[in-house]
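K.L.:
Next up, upload-v9.tsv (TSV, C-alpha atoms).
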```
chain	number	residue	atom	x	y	z
M	26	MET	CA	-6.51	106.72	128.89
M	27	SER	CA	-3.52	104.99	127.27
M	28	ILE	CA	-3.94	102.42	124.52
M	29	PRO	CA	-1.28	100.07	123.10
M	30	ILE	CA	-1.11	99.70	119.32
M	31	LEU	CA	0.83	96.51	118.63
M	32	MET	CA	3.25	96.44	115.72
M	33	TYR	CA	3.97	93.14	113.99
M	34	HIS	CA	5.64	92.31	110.69
M	35	GLN	CA	5.74	88.58	109.93
M	36	ILE	CA	3.96	85.69	111.66
M	37	ASP	CA	5.89	82.58	110.70
M	38	GLN	CA	8.65	80.17	111.68
M	39	PRO	CA	11.66	82.47	112.34
M	40	ALA	CA	14.68	82.18	110.07
M	41	PRO	CA	17.87	80.47	111.33
M	42	ARG	CA	20.01	82.23	113.91
M	43	GLY	CA	22.26	84.85	112.44
M	44	THR	CA	19.74	85.86	109.78
M	45	LYS	CA	19.29	89.61	109.54
M	46	PHE	CA	16.03	91.02	110.91
M	47	ARG	CA	15.12	87.61	112.37
M	48	SER	CA	13.54	89.45	115.28
M	49	LEU	CA	10.76	90.76	113.03
M	50	THR	CA	9.21	87.30	112.67
M	51	VAL	CA	6.95	86.14	115.49
M	52	HIS	CA	6.21	82.42	115.71
M	53	PRO	CA	2.54	81.55	115.01
M	54	SER	CA	2.17	79.83	118.38
M	55	SER	CA	3.44	82.95	120.17
M	56	PHE	CA	1.00	85.16	118.29
M	57	ARG	CA	-1.89	82.82	119.06
M	58	ARG	CA	-0.93	82.76	122.74
M	59	GLN	CA	-0.75	86.56	122.90
M	60	MET	CA	-4.15	87.03	121.28
M	61	ARG	CA	-5.81	84.33	123.37
M	62	TRP	CA	-4.55	85.86	126.60
M	63	MET	CA	-5.71	89.32	125.64
M	64	HIS	CA	-9.12	87.84	124.84
M	65	ARG	CA	-9.21	86.00	128.18
M	66	LEU	CA	-8.36	89.22	130.01
M	67	GLY	CA	-11.34	90.93	128.43
M	68	TYR	CA	-9.53	93.03	125.83
M	69	ARG	CA	-10.71	93.60	122.27
M	70	GLY	CA	-8.13	93.78	119.52
M	71	LEU	CA	-9.02	96.45	116.98
M	72	SER	CA	-7.87	97.79	113.62
M	73	MET	CA	-6.97	101.45	113.40
M	74	ARG	CA	-10.36	102.12	111.80
M	75	ASP	CA	-12.16	100.49	114.73
M	76	LEU	CA	-9.83	102.01	117.33
M	77	MET	CA	-10.38	105.64	116.32
M	78	PRO	CA	-13.64	106.16	118.30
M	79	TYR	CA	-11.74	105.15	121.45
M	80	LEU	CA	-8.86	107.50	120.66
M	81	ARG	CA	-11.35	110.33	120.12
M	82	GLY	CA	-13.02	109.61	123.45
M	83	GLU	CA	-16.31	108.60	121.82
M	84	LYS	CA	-16.11	105.07	123.24
M	85	ALA	CA	-14.49	103.51	126.29
M	86	GLY	CA	-13.39	99.96	127.01
M	87	ARG	CA	-10.50	97.52	127.28
M	88	VAL	CA	-9.09	97.73	123.79
M	89	PHE	CA	-5.77	97.60	121.98
M	90	GLY	CA	-4.72	98.15	118.38
M	91	ILE	CA	-3.24	95.46	116.12
M	92	THR	CA	-1.14	96.43	113.10
M	93	PHE	CA	1.01	94.51	110.61
M	94	ASP	CA	3.55	96.22	108.36
M	95	ASP	CA	4.15	95.30	104.71
M	96	GLY	CA	1.33	92.85	103.90
M	97	PHE	CA	3.21	89.55	104.25
M	98	ARG	CA	1.45	86.39	103.04
M	99	ASN	CA	2.33	84.55	106.24
M	100	VAL	CA	0.13	87.02	108.14
M	101	PHE	CA	-2.78	85.96	105.94
M	102	GLU	CA	-1.94	82.30	106.55
M	103	HIS	CA	-1.17	82.35	110.28
M	104	ALA	CA	-2.63	85.50	111.83
M	105	LEU	CA	-5.98	85.86	110.06
M	106	PRO	CA	-7.44	82.58	111.46
M	107	VAL	CA	-6.42	83.64	114.99
M	108	LEU	CA	-7.96	87.09	114.59
M	109	ASN	CA	-11.18	85.59	113.26
M	110	GLU	CA	-11.29	83.09	116.10
M	111	ALA	CA	-10.93	85.83	118.72
M	112	GLY	CA	-13.26	88.25	116.96
M	113	PHE	CA	-10.44	90.78	116.66
M	114	THR	CA	-9.76	93.17	113.78
M	115	ALA	CA	-6.36	94.42	112.61
M	116	THR	CA	-4.82	96.82	110.11
M	117	ASN	CA	-2.32	95.58	107.56
M	118	TYR	CA	-0.25	98.25	105.81
M	119	PHE	CA	0.18	97.11	102.19
M	120	VAL	CA	2.79	98.22	99.66
M	121	ALA	CA	0.50	98.92	96.70
M	122	ASN	CA	2.92	98.14	93.85
M	123	GLN	CA	4.11	94.87	95.39
M	124	LEU	CA	0.87	92.89	95.75
M	125	GLY	CA	1.78	89.29	95.00
M	126	GLY	CA	5.45	90.29	95.09
M	127	SER	CA	8.01	90.27	97.87
M	128	ASN	CA	9.89	92.53	100.27
M	129	VAL	CA	12.26	93.78	97.59
M	130	TRP	CA	13.08	96.90	99.64
M	131	ASP	CA	14.88	94.68	102.18
M	132	ALA	CA	17.15	92.93	99.67
M	133	GLU	CA	20.06	95.35	100.00
M	134	ASN	CA	19.99	94.88	103.78
M	135	GLY	CA	20.36	91.11	103.51
M	136	MET	CA	16.86	90.23	104.71
M	137	PRO	CA	15.56	86.96	103.19
M	138	PHE	CA	12.85	86.92	100.56
M	139	SER	CA	9.32	86.69	101.92
M	140	ALA	CA	6.17	86.63	99.82
M	141	LEU	CA	3.51	89.32	100.13
M	142	MET	CA	-0.24	88.83	99.86
M	143	SER	CA	-1.69	88.61	96.38
M	144	LEU	CA	-4.64	90.75	95.32
M	145	PRO	CA	-7.15	87.93	95.98
M	146	GLU	CA	-5.64	87.40	99.44
M	147	MET	CA	-5.78	91.10	100.25
M	148	ARG	CA	-9.42	91.13	99.20
M	149	GLN	CA	-10.14	88.12	101.43
M	150	TRP	CA	-8.41	89.97	104.26
M	151	ALA	CA	-10.72	92.94	103.76
M	152	GLN	CA	-13.83	90.79	103.32
M	153	ALA	CA	-13.08	89.13	106.66
M	154	GLY	CA	-13.54	92.52	108.33
M	155	GLN	CA	-9.84	93.32	108.56
M	156	GLU	CA	-8.51	96.72	107.47
M	157	VAL	CA	-6.36	97.53	104.45
M	158	GLY	CA	-3.96	100.37	105.21
M	159	SER	CA	-1.20	101.92	103.10
M	160	HIS	CA	2.57	101.69	103.36
M	161	GLY	CA	3.00	103.68	100.17
M	162	LEU	CA	3.36	102.61	96.56
M	163	ASP	CA	6.88	101.20	96.89
M	164	HIS	CA	7.97	101.29	100.56
M	165	LEU	CA	10.34	104.19	99.85
M	166	HIS	CA	12.24	106.28	102.40
M	167	LEU	CA	10.21	109.50	102.51
M	168	PRO	CA	13.03	111.90	103.57
M	169	SER	CA	15.00	110.79	100.49
M	170	LEU	CA	12.20	111.78	98.09
M	171	SER	CA	11.18	115.09	96.60
M	172	PRO	CA	7.95	116.57	98.04
M	173	GLU	CA	6.13	115.63	94.83
M	174	GLN	CA	7.36	112.04	94.97
M	175	ALA	CA	6.48	111.67	98.65
M	176	GLN	CA	2.97	113.05	98.12
M	177	ASN	CA	2.44	110.69	95.20
M	178	GLN	CA	3.53	107.68	97.26
M	179	MET	CA	0.87	108.54	99.81
M	180	SER	CA	-1.99	109.72	97.61
M	181	ALA	CA	-1.70	107.24	94.74
M	182	SER	CA	-1.38	104.24	97.07
M	183	ARG	CA	-4.51	105.23	99.00
M	184	LEU	CA	-6.53	105.51	95.80
M	185	MET	CA	-5.12	102.32	94.28
M	186	LEU	CA	-5.70	100.16	97.36
M	187	GLY	CA	-9.14	101.66	97.91
M	188	ASN	CA	-10.20	100.84	94.37
M	189	LEU	CA	-8.86	97.29	94.63
M	190	VAL	CA	-10.84	96.43	97.78
M	191	ASP	CA	-13.76	98.77	97.11
M	192	GLN	CA	-13.53	100.52	100.47
M	193	ALA	CA	-11.97	103.66	101.86
M	194	VAL	CA	-8.32	103.40	102.88
M	195	THR	CA	-7.85	105.70	105.86
M	196	ALA	CA	-4.80	104.31	107.73
M	197	TYR	CA	-1.20	105.09	106.77
M	198	CYS	CA	2.14	103.94	108.14
M	199	TYR	CA	5.43	105.79	107.47
M	200	PRO	CA	7.87	103.38	105.72
M	201	TYR	CA	10.92	102.67	107.91
M	202	GLY	CA	9.35	104.96	110.51
M	203	ASP	CA	11.25	107.95	109.09
M	204	PHE	CA	9.47	111.18	108.21
M	205	LYS	CA	9.68	114.95	108.53
M	206	PRO	CA	7.04	117.43	109.74
M	207	GLU	CA	6.05	118.21	106.17
M	208	HIS	CA	5.21	114.54	105.59
M	209	VAL	CA	2.64	114.66	108.37
M	210	GLN	CA	0.84	117.40	106.47
M	211	MET	CA	1.08	115.39	103.25
M	212	VAL	CA	-0.67	112.44	104.93
M	213	LYS	CA	-3.56	114.75	105.82
M	214	VAL	CA	-3.70	116.17	102.27
M	215	ALA	CA	-3.76	112.62	100.88
M	216	GLY	CA	-6.98	111.96	102.79
M	217	TYR	CA	-5.90	109.60	105.55
M	218	ALA	CA	-7.62	109.68	108.93
M	219	ASN	CA	-4.58	108.50	110.94
M	220	ALA	CA	-0.95	107.46	110.68
M	221	THR	CA	1.40	105.33	112.77
M	222	THR	CA	5.13	105.53	113.37
M	223	THR	CA	7.78	103.19	114.81
M	224	GLU	CA	8.23	105.37	117.90
M	225	ARG	CA	7.72	103.25	121.01
M	226	GLY	CA	5.00	103.82	123.58
M	227	LEU	CA	1.30	103.78	124.24
M	228	VAL	CA	-1.12	106.23	122.65
M	229	ASN	CA	-3.08	108.83	124.61
M	230	MET	CA	-6.16	110.68	123.47
M	231	SER	CA	-4.16	113.92	123.47
M	232	ASP	CA	-1.59	112.58	120.98
M	233	ASP	CA	-1.42	113.59	117.33
M	234	ILE	CA	-3.36	110.91	115.42
M	235	TYR	CA	-0.97	111.36	112.49
M	236	GLN	CA	2.10	110.48	114.59
M	237	MET	CA	0.90	107.62	116.76
M	238	HIS	CA	3.39	105.48	118.66
M	239	ARG	CA	3.25	101.69	118.66
M	240	VAL	CA	4.41	98.75	120.76
M	241	GLY	CA	6.88	96.58	118.86
M	242	ILE	CA	6.35	92.83	119.24
M	243	TRP	CA	9.40	90.73	118.31
M	244	ARG	CA	10.36	87.07	118.00
M	245	SER	CA	11.90	87.15	121.48
M	246	THR	CA	8.95	88.87	123.18
M	247	HIS	CA	7.90	86.26	125.74
M	248	LEU	CA	4.45	86.47	127.31
M	249	LEU	CA	5.46	88.34	130.47
M	250	ARG	CA	7.41	90.88	128.41
M	251	PHE	CA	4.42	91.16	126.08
M	252	PHE	CA	2.23	92.29	128.97
M	253	GLN	CA	4.94	94.64	130.25
M	254	LYS	CA	5.17	96.28	126.84
M	255	CYS	CA	1.41	96.77	126.68
M	256	LEU	CA	1.42	98.49	130.06
M	257	THR	CA	4.65	100.51	129.84
M	258	GLN	CA	4.68	104.04	128.45
M	259	HIS	CA	8.34	104.16	127.40
M	260	GLU	CA	10.10	101.69	125.15
M	261	GLU	CA	13.38	101.97	123.33
M	262	ARG	CA	13.14	103.44	119.83
M	263	ARG	CA	14.03	100.99	117.08
M	264	ARG	CA	14.15	101.70	113.36
M	265	VAL	CA	12.51	98.99	111.24
```
How would this structure read if it were set down as C-alpha coordinates?
P.N.:
Amino acid sequence: MSIPILMYHQIDQPAPRGTKFRSLTVHPSSFRRQMRWMHRLGYRGLSMRDLMPYLRGEKAGRVFGITFDDGFRNVFEHALPVLNEAGFTATNYFVANQLGGSNVWDAENGMPFSALMSLPEMRQWAQAGQEVGSHGLDHLHLPSLSPEQAQNQMSASRLMLGNLVDQAVTAYCYPYGDFKPEHVQMVKVAGYANATTTERGLVNMSDDIYQMHRVGIWRSTHLLRFFQKCLTQHEERRRV
(Lines of atoms letter the chains of each structure in order from A and count residues from 1; the text may use other names and numbers.)
(Lines give C-alpha, C1' and ligand atoms only; values in the text may rest on other atoms or scores of the structure.)
Protein backbone atom coordinates (compact mmCIF):
# COMPACT_ATOMS: atom_id res chain seq x y z
CA MET A 1 0.00 0.00 0.00
CA SER A 2 1.42 3.37 -1.07
CA ILE A 3 0.24 6.64 0.47
CA PRO A 4 0.98 10.19 -0.75
CA ILE A 5 1.94 12.76 1.86
CA LEU A 6 1.40 16.17 0.28
CA MET A 7 3.90 18.93 1.01
CA TYR A 8 2.74 22.54 0.89
CA HIS A 9 4.32 25.76 2.12
CA GLN A 10 2.16 28.84 1.51
CA ILE A 11 -1.47 29.10 0.39
CA ASP A 12 -1.87 32.61 -0.97
CA GLN A 13 -1.80 34.80 -4.06
CA PRO A 14 1.62 34.03 -5.63
CA ALA A 15 4.20 36.80 -5.80
CA PRO A 16 4.95 38.52 -9.14
CA ARG A 17 6.86 36.62 -11.80
CA GLY A 18 10.57 36.59 -11.23
CA THR A 19 10.23 36.46 -7.45
CA LYS A 20 12.43 33.82 -5.88
CA PHE A 21 10.68 30.71 -4.55
CA ARG A 22 7.39 31.85 -6.14
CA SER A 23 6.65 28.19 -6.84
CA LEU A 24 6.21 27.50 -3.11
CA THR A 25 2.97 29.50 -2.98
CA VAL A 26 -0.19 27.71 -4.11
CA HIS A 27 -3.20 29.85 -4.96
CA PRO A 28 -6.13 29.40 -2.53
CA SER A 29 -8.48 28.44 -5.36
CA SER A 30 -6.07 25.72 -6.50
CA PHE A 31 -5.79 24.32 -2.99
CA ARG A 32 -9.56 24.32 -2.57
CA ARG A 33 -9.99 22.55 -5.92
CA GLN A 34 -7.43 19.89 -4.99
CA MET A 35 -9.03 19.16 -1.63
CA ARG A 36 -12.56 19.12 -3.03
CA TRP A 37 -11.61 16.64 -5.73
CA MET A 38 -9.88 14.34 -3.28
CA HIS A 39 -13.00 14.47 -1.12
CA ARG A 40 -15.23 13.72 -4.13
CA LEU A 41 -13.06 10.74 -5.03
CA GLY A 42 -13.58 9.28 -1.57
CA TYR A 43 -10.18 10.11 -0.06
CA ARG A 44 -9.61 11.37 3.48
CA GLY A 45 -6.90 13.92 4.07
CA LEU A 46 -5.05 13.23 7.31
CA SER A 47 -2.41 14.76 9.55
CA MET A 48 0.68 12.71 10.29
CA ARG A 49 -0.79 11.84 13.68
CA ASP A 50 -3.96 10.50 12.06
CA LEU A 51 -2.08 8.83 9.20
CA MET A 52 0.19 6.69 11.38
CA PRO A 53 -2.31 3.83 11.97
CA TYR A 54 -2.56 3.43 8.19
CA LEU A 55 1.23 3.42 7.79
CA ARG A 56 1.49 0.78 10.52
CA GLY A 57 -1.10 -1.38 8.79
CA GLU A 58 -3.60 -1.03 11.65
CA LYS A 59 -6.17 0.65 9.40
CA ALA A 60 -6.94 0.57 5.69
CA GLY A 61 -8.70 3.05 3.43
CA ARG A 62 -8.35 5.73 0.79
CA VAL A 63 -6.22 8.24 2.63
CA PHE A 64 -3.46 10.76 1.99
CA GLY A 65 -1.34 12.94 4.23
CA ILE A 66 -1.40 16.76 4.25
CA THR A 67 1.57 18.73 5.56
CA PHE A 68 2.54 22.41 5.58
CA ASP A 69 6.07 23.59 6.28
CA ASP A 70 6.95 26.65 8.39
CA GLY A 71 3.60 27.71 9.92
CA PHE A 72 2.66 30.54 7.55
CA ARG A 73 -0.29 32.74 8.54
CA ASN A 74 -1.80 32.46 5.06
CA VAL A 75 -2.27 28.73 5.69
CA PHE A 76 -4.37 29.61 8.72
CA GLU A 77 -6.35 32.12 6.67
CA HIS A 78 -6.85 30.17 3.44
CA ALA A 79 -6.25 26.48 4.09
CA LEU A 80 -7.86 25.93 7.50
CA PRO A 81 -11.42 26.78 6.32
CA VAL A 82 -11.03 24.35 3.40
CA LEU A 83 -9.74 21.58 5.65
CA ASN A 84 -12.59 22.11 8.09
CA GLU A 85 -15.12 22.11 5.27
CA ALA A 86 -13.83 18.79 3.92
CA GLY A 87 -13.37 17.21 7.34
CA PHE A 88 -9.66 16.78 6.67
CA THR A 89 -6.79 17.12 9.15
CA ALA A 90 -3.26 18.32 8.40
CA THR A 91 0.11 18.76 10.09
CA ASN A 92 1.78 22.16 10.15
CA TYR A 93 5.48 22.18 11.04
CA PHE A 94 6.07 25.30 13.16
CA VAL A 95 9.35 27.10 13.86
CA ALA A 96 9.06 27.45 17.63
CA ASN A 97 11.06 30.67 18.11
CA GLN A 98 9.31 32.49 15.26
CA LEU A 99 5.65 32.35 16.30
CA GLY A 100 4.15 35.67 15.24
CA GLY A 101 7.34 36.39 13.32
CA SER A 102 8.32 35.78 9.72
CA ASN A 103 10.42 33.54 7.49
CA VAL A 104 13.68 35.23 8.48
CA TRP A 105 15.70 32.17 7.40
CA ASP A 106 14.78 32.92 3.77
CA ALA A 107 15.94 36.54 3.79
CA GLU A 108 19.47 35.84 2.55
CA ASN A 109 18.02 33.89 -0.39
CA GLY A 110 15.90 36.80 -1.54
CA MET A 111 12.53 35.30 -0.64
CA PRO A 112 9.92 37.94 0.28
CA PHE A 113 8.75 38.45 3.84
CA SER A 114 5.74 36.38 4.83
CA ALA A 115 4.10 36.40 8.24
CA LEU A 116 3.91 33.28 10.39
CA MET A 117 1.04 32.27 12.66
CA SER A 118 0.88 33.91 16.05
CA LEU A 119 0.52 31.87 19.23
CA PRO A 120 -3.27 32.42 19.37
CA GLU A 121 -3.56 31.34 15.72
CA MET A 122 -1.47 28.23 16.31
CA ARG A 123 -3.70 27.37 19.26
CA GLN A 124 -6.81 27.83 17.10
CA TRP A 125 -5.20 25.56 14.51
CA ALA A 126 -4.74 22.86 17.15
CA GLN A 127 -8.19 23.37 18.67
CA ALA A 128 -9.71 22.83 15.22
CA GLY A 129 -8.29 19.29 15.26
CA GLN A 130 -5.25 20.09 13.16
CA GLU A 131 -1.78 18.92 14.21
CA VAL A 132 1.12 21.03 15.46
CA GLY A 133 4.44 19.57 14.33
CA SER A 134 7.99 20.87 14.74
CA HIS A 135 10.40 22.39 12.25
CA GLY A 136 12.93 23.09 15.00
CA LEU A 137 13.51 26.13 17.16
CA ASP A 138 14.96 28.33 14.42
CA HIS A 139 14.73 26.51 11.05
CA LEU A 140 18.49 25.88 11.06
CA HIS A 141 20.45 23.68 8.67
CA LEU A 142 21.10 20.55 10.75
CA PRO A 143 24.34 19.39 9.02
CA SER A 144 25.88 22.80 9.83
CA LEU A 145 25.26 22.41 13.57
CA SER A 146 27.13 20.59 16.29
CA PRO A 147 25.43 17.41 17.56
CA GLU A 148 24.46 19.24 20.75
CA GLN A 149 22.93 22.15 18.85
CA ALA A 150 21.02 19.85 16.50
CA GLN A 151 19.62 17.79 19.37
CA ASN A 152 18.54 20.97 21.17
CA GLN A 153 16.74 22.26 18.07
CA MET A 154 14.71 19.07 17.99
CA SER A 155 14.12 18.41 21.68
CA ALA A 156 13.52 21.96 22.91
CA SER A 157 11.12 22.78 20.07
CA ARG A 158 9.02 19.68 20.77
CA LEU A 159 8.71 20.59 24.44
CA MET A 160 8.04 24.27 23.78
CA LEU A 161 5.34 23.70 21.17
CA GLY A 162 3.75 20.94 23.24
CA ASN A 163 3.50 23.20 26.27
CA LEU A 164 2.04 26.04 24.21
CA VAL A 165 -0.81 23.96 22.76
CA ASP A 166 -1.13 21.57 25.69
CA GLN A 167 -0.80 18.44 23.56
CA ALA A 168 1.95 16.05 22.55
CA VAL A 169 4.04 17.10 19.55
CA THR A 170 5.02 13.91 17.74
CA ALA A 171 5.70 14.99 14.12
CA TYR A 172 9.01 16.48 12.96
CA CYS A 173 10.21 17.80 9.61
CA TYR A 174 13.91 18.25 8.73
CA PRO A 175 14.54 21.94 7.88
CA TYR A 176 15.59 22.36 4.23
CA GLY A 177 15.23 18.58 3.89
CA ASP A 178 18.92 18.13 4.74
CA PHE A 179 20.04 15.69 7.42
CA LYS A 180 22.56 12.97 8.20
CA PRO A 181 21.99 9.46 9.60
CA GLU A 182 22.84 10.65 13.09
CA HIS A 183 20.01 13.21 12.91
CA VAL A 184 17.49 10.43 12.38
CA GLN A 185 18.57 8.93 15.69
CA MET A 186 18.35 12.34 17.35
CA VAL A 187 14.71 12.69 16.24
CA LYS A 188 13.94 9.39 17.97
CA VAL A 189 15.80 10.46 21.14
CA ALA A 190 13.83 13.73 21.15
CA GLY A 191 10.60 11.75 21.42
CA TYR A 192 9.02 12.19 18.00
CA ALA A 193 6.89 9.41 16.50
CA ASN A 194 7.68 10.26 12.85
CA ALA A 195 9.61 12.60 10.59
CA THR A 196 9.26 13.78 7.00
CA THR A 197 11.83 14.78 4.41
CA THR A 198 11.74 16.61 1.06
CA GLU A 199 12.59 13.44 -0.86
CA ARG A 200 9.96 12.85 -3.53
CA GLY A 201 7.68 9.83 -3.68
CA LEU A 202 4.87 7.97 -2.00
CA VAL A 203 5.24 6.24 1.35
CA ASN A 204 5.01 2.48 1.82
CA MET A 205 4.39 0.63 5.06
CA SER A 206 7.91 -0.81 4.85
CA ASP A 207 9.54 2.64 4.80
CA ASP A 208 11.38 4.19 7.73
CA ILE A 209 8.82 6.41 9.50
CA TYR A 210 11.63 8.80 10.42
CA GLN A 211 12.60 9.40 6.78
CA MET A 212 9.26 9.61 4.99
CA HIS A 213 9.06 10.97 1.46
CA ARG A 214 6.48 13.53 0.39
CA VAL A 215 4.76 14.79 -2.75
CA GLY A 216 5.63 18.42 -3.44
CA ILE A 217 2.70 20.59 -4.54
CA TRP A 218 3.73 23.83 -6.28
CA ARG A 219 2.09 26.93 -7.72
CA SER A 220 2.22 25.42 -11.21
CA THR A 221 0.79 22.02 -10.22
CA HIS A 222 -2.39 21.88 -12.31
CA LEU A 223 -5.11 19.41 -11.39
CA LEU A 224 -4.09 16.64 -13.78
CA ARG A 225 -0.47 16.90 -12.63
CA PHE A 226 -1.71 16.88 -9.03
CA PHE A 227 -3.34 13.49 -9.57
CA GLN A 228 -0.28 12.20 -11.41
CA LYS A 229 1.93 13.18 -8.50
CA CYS A 230 -0.32 11.42 -6.02
CA LEU A 231 -0.16 8.21 -8.04
CA THR A 232 3.47 8.24 -9.16
CA GLN A 233 6.21 6.64 -7.07
CA HIS A 234 9.14 8.65 -8.41
CA GLU A 235 9.41 12.42 -8.50
CA GLU A 236 12.42 14.63 -9.00
CA ARG A 237 14.21 15.61 -5.78
CA ARG A 238 14.02 19.31 -4.99
CA ARG A 239 15.65 21.08 -2.06
CA VAL A 240 13.34 23.57 -0.32
K.L.:
Using all atoms listed in the file for the distances, tell me which of M:Asn188, M:Ser180, M:Asn128, M:Ser245 is nearest to Ser159 of chain M.
P.N.:
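Among the listed residues, M:Ser180 lies closest to Ser159 of chain M.
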K.L.:
Which one is closest to Leu108 of chain M: M:Ser169, M:Gln155, M:Ser139, M:Gln176? Count all atoms listed in the file.
P.N.:
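Smallest separation from Leu108 of chain M among the options: M:Gln155.
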K.L.:
Could you pull the residues within 9 Å of Ala175 of chain M, counting only C-alpha atoms, minus those fewer than 4 positions along the same chain, as a VMD selection string?
P.N.:
chain M and resid 161 165 to 171 179 to 180 208 211
K.L.:
Identify the residues around (-0.6, 88.0, 96.4) within a radius of 7 Å, measuring from only C-alpha atoms in the coordinates stated by the file, and give them as a ChimeraX atom specification.
P.N.:
/M:124-126,141-146
K.L.:
Taking into account all atoms listed in the file, which residue in the set M:Thr246, M:Gln35, M:Asn219, M:Asn134 is nearest to Asp233 of chain M?
P.N.:
M:Asn219
K.L.:
For each of M:Arg47, M:Arg81, M:Arg87, M:His103, take the minimum atom-to-atom distance to Met63 of chain M, counting only C-alpha atoms, then give the residue where this is smallest.
P.N.:
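With only C-alpha atoms as the atom set, the closest residue is M:Arg87.
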K.L.:
I need every residue sitting at most 10 Å from the point (-11.5, 98.9, 113.6) (coordinates as in the file, all atoms listed in the file considered), written as a list in words.
P.N.:
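Within 10 Å of (-11.5, 98.9, 113.6), the protein and nucleic acid residues are Gly70, Leu71, Ser72, Met73, Arg74, Asp75, Leu76, Met77, Pro78, Gly90, Ile91, Phe113, Thr114, Ala115, Thr116, Gly154, Gln155 and Glu156 of chain M.
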K.L.:
Between M:Ala218, M:Ala132, M:Glu102, M:Gly96, which residue has the minimum interatomic distance to His160 of chain M, considering only C-alpha atoms?
P.N.:
M:Gly96
K.L.:
I need the residue nearest Pro172 of chain M from this list: M:Pro206, M:Pro41, M:Pro200, M:Gly216. Use only C-alpha atoms for the distance.
P.N.:
M:Pro206
K.L.:
I'd like the neighbourhood of Tyr79 of chain M as a ChimeraX atom specification, where a residue qualifies if any of its atoms comes within 12 Å (using only C-alpha atoms), though same-chain residues fewer than 6 positions away should be ignored.
P.N.:
/M:26-29,69,71-73,85-90,228-231,234
K.L.:
Residues within 12 Å of Leu189 of chain M, please, as JSON, numbers by chain. Count all atoms listed in the file; anything in the same chain fewer than 4 positions from it doesn't count.
P.N.:
{"M": [119, 121, 122, 124, 143, 144, 145, 146, 147, 148, 149, 151, 152, 157, 182, 183, 184, 185, 193, 194]}
K.L.:
What's the separation between atom CA of Leu105 of chain M and atom CA of Asp232 of chain M, in Å to one decimal place?
P.N.:
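Separation of atom CA of Leu105 of chain M and atom CA of Asp232 of chain M: 29.2 Å.
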